[in-house]
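Visitor: I'd like to ask some things about the structure below.
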Amino acid sequence: MKPRLTQNLPFASKFLFLSSVLVRMYVLANFLFFKLRELQPALQVVLMRSFCFALLRRRGCSSHPNENKNFFAKAVLCKPWKQPKKQKRSGFTIVELSIVIIIIGIVLAGITSATRMVYQFKLTTARSITTGAGVNSIYGLLLWFDSTAEKAISDSESMDGNTVTKWYDTNPQQVFKYTLSQNISANRPTYVAKGQNGLPVLRFASTSATVQTMSTNSIINDLANNPSFTAFIVASSSHNSSSVARMIQLGNQSYACTGVNVSYWSSNQMAIVFNGGEKAFTVPASSNAGILEVVRDSVVGASSVNDGTTVYFNGKNSPLSARNNGDCTPSLVFSSMLLSPDTPISPTTWSMDFAEILIFNRVLKNDERKDIRDYLAKKWSIKVS
């Protein structure tokens, strides 16, 4: 006995398969229904003539249904007739049109399914790259926000164009997980399904009226006072002025060196800012998305931000200017981590796409940083030095 198509599938798979078939049949039936409604007058004439023609043929009558009047009378009261020679038809019959419509529907459904399969394959590949990257073996990981992770965004929000309430930490080294969240609907970032390298990102688009931002649900104790840390940020940013836009912030902005943030200018400039003064660095003009590495060594810079602070952009060391308001001793207050916290001044607007953020509570070795950088470059298709 020939096995059925769904015989060896589990119940859930059978249900999904049959549901998809029924949905497509329903869509096709609706399409054909409305098309047939448009053809209803002509269809009635065709059916009437076909009925009369069949009746005449059966009775062997001479009248022919192609005459334009008294079809039924001629079919009942008729004389034998000789069937004329068939002429070549022009145009399509309804059956032929129906077949064409069905074929077109099948092709369109196939294209849609194929596109969805390609995207899902790309996402699965990205997750496989993450799993095999070896980041888990590098100790000291404080937090890891990855927009491609399976449990990073809830299923109901991980669809293109949806706003995102929570971005979950997927750090496997810590029992406690941080969560970036935004409770106000208008201030939530947007889930972009095909961002950098065709993979999901979170887009923070801010105007003077609406600031899209997120903050962690808890204070990050390991990043207070004068901490050593290594941070990796995969992001892009753009706006229509030279205004300073903070991308990520720790601490606060109350007193000198009580907070630190990474900021962006549109004129190919970025800066690591210790409150009251920035240490600027240049980024390539063509780089919309990049891998930013910030290394802070509290031993080398025990009483200085000019010492012990290093920045790399796409693997290249970016020389930092001295803090423009004089040196200071970092003393970061206990705080949450913020993404895109600034309010633009009209008519300034900006948009920031965040793809992945990793922060370690120590200074990583060069080979460890290279391993993480290479992993991020491969996954997000970013060229690095």
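Residues in the structure tokens are named by chain (A, B, ... in the order shown) and by number from 1 within that chain; ligands are numbered from 1 in the order shown.
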Considering only C-alpha atoms, tabulate each residue of stretch 106-184 of chain A that lies at most 8 Å from stretch 363-377 of chain A along with its nearest interatomic pair and the corresponding distance in Å to one decimal; arrange the rows by chain and ascending residue number and present them as CSV.
Guide:
residue,atom,partner,partner_atom,distance
A:Ile129,CA,A:Tyr375,CA,7.4
A:Thr130,CA,A:Tyr375,CA,7.4
A:Ala133,CA,A:Tyr375,CA,5.9
A:Val135,CA,A:Ile372,CA,6.6
A:Ile138,CA,A:Glu368,CA,7.2
Visitor: With N, CA and C atoms retained, export the selected residues as a short mmCIF file (atom, residue, chain, number, x, y, z; two decimals), in the first residue's frame.
Guide:
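The resulting file, out-v9.cif, is reproduced below:
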data_model
loop_
_atom_site.label_atom_id
_atom_site.label_comp_id
_atom_site.auth_asym_id
_atom_site.auth_seq_id
_atom_site.Cartn_x
_atom_site.Cartn_y
_atom_site.Cartn_z
N ILE A 129 26.46 29.96 13.89
CA ILE A 129 27.75 30.66 14.02
C ILE A 129 27.96 31.10 15.47
N THR A 130 26.90 31.61 16.10
CA THR A 130 26.99 32.04 17.49
C THR A 130 27.32 30.87 18.40
N ALA A 133 30.95 29.79 18.14
CA ALA A 133 31.95 30.86 18.20
C ALA A 133 32.93 30.71 19.35
N VAL A 135 32.42 31.91 22.38
CA VAL A 135 32.30 33.03 23.31
C VAL A 135 32.06 32.51 24.73
N ILE A 138 35.05 32.10 27.04
CA ILE A 138 35.80 33.29 27.49
C ILE A 138 35.11 33.81 28.74
#
Visitor: Might you pull out every residue within 6 Å of A:Leu358, with only C-alpha atoms counted and same-chain residues fewer than 6 positions away left off, and present them as number ranges by chain?
Guide: A: 143-144, 231-232
Visitor: Any idea what's packed within 12 Å of A:Asp342, counting only C-alpha atoms, ignoring anything in its chain fewer than 6 positions away? Could you give it as a VMD selection string?
Guide: chain A and resid 187 204 to 214 243 to 249 253 261 to 264 348 to 352
Visitor: Rank A:Arg116, A:Asn317, A:Phe360, A:Thr282 by their smallest atom-to-atom distance to A:Gln173, using only C-alpha atoms, and report the top residue only.
Guide: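 That would be A:Phe360, the residue with the smallest distance to A:Gln173.
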Visitor: Neighbours of A:Val260 within 12 Å (only C-alpha atoms; same-chain residues fewer than 3 positions away dropped), as a ChimeraX atom specification?
Guide: /A:223-227,246-257,263,271-279,294,296,305,309,329-338
Visitor: Could you tell me how far atom CA of A:Val311 sits from atom CA of A:Phe229, in Å to one decimal place?
Guide: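 Taking atom CA of A:Phe229 as the start and atom CA of A:Val311 as the end point, the length is 11.9 Å.
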Visitor: Name the closest residue to A:Lys383 among the candidates A:Gly198, A:Gly315, A:Gly301, A:Pro189; distances are taken between atoms, counting only C-alpha atoms.
Guide: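 Nearest to A:Lys383: A:Gly315.
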Visitor: Using DSSP secondary structure from the backbone, list all strand (DSSP E) positions within stretch 129-294 of chain A, as a PyMOL selection string.
Guide: chain A and resi 141-146+166-168+179-181+190-192+201-206+214-216+229-239+245-251+259-264+269-274+277-282+289-294
Visitor: Write out as a list of chain:residue names all residues of stretch 162-259 of chain A that backbone DSSP assigns to helix (DSSP H, G or I).
Guide: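 DSSP-assigned helix (DSSP H, G or I) residues in stretch 162-259 of chain A: A:Ser185, A:Ala186, A:Asn187, A:Gln196, A:Asn197, A:Gly198, A:Asn221, A:Asp222, A:Leu223.
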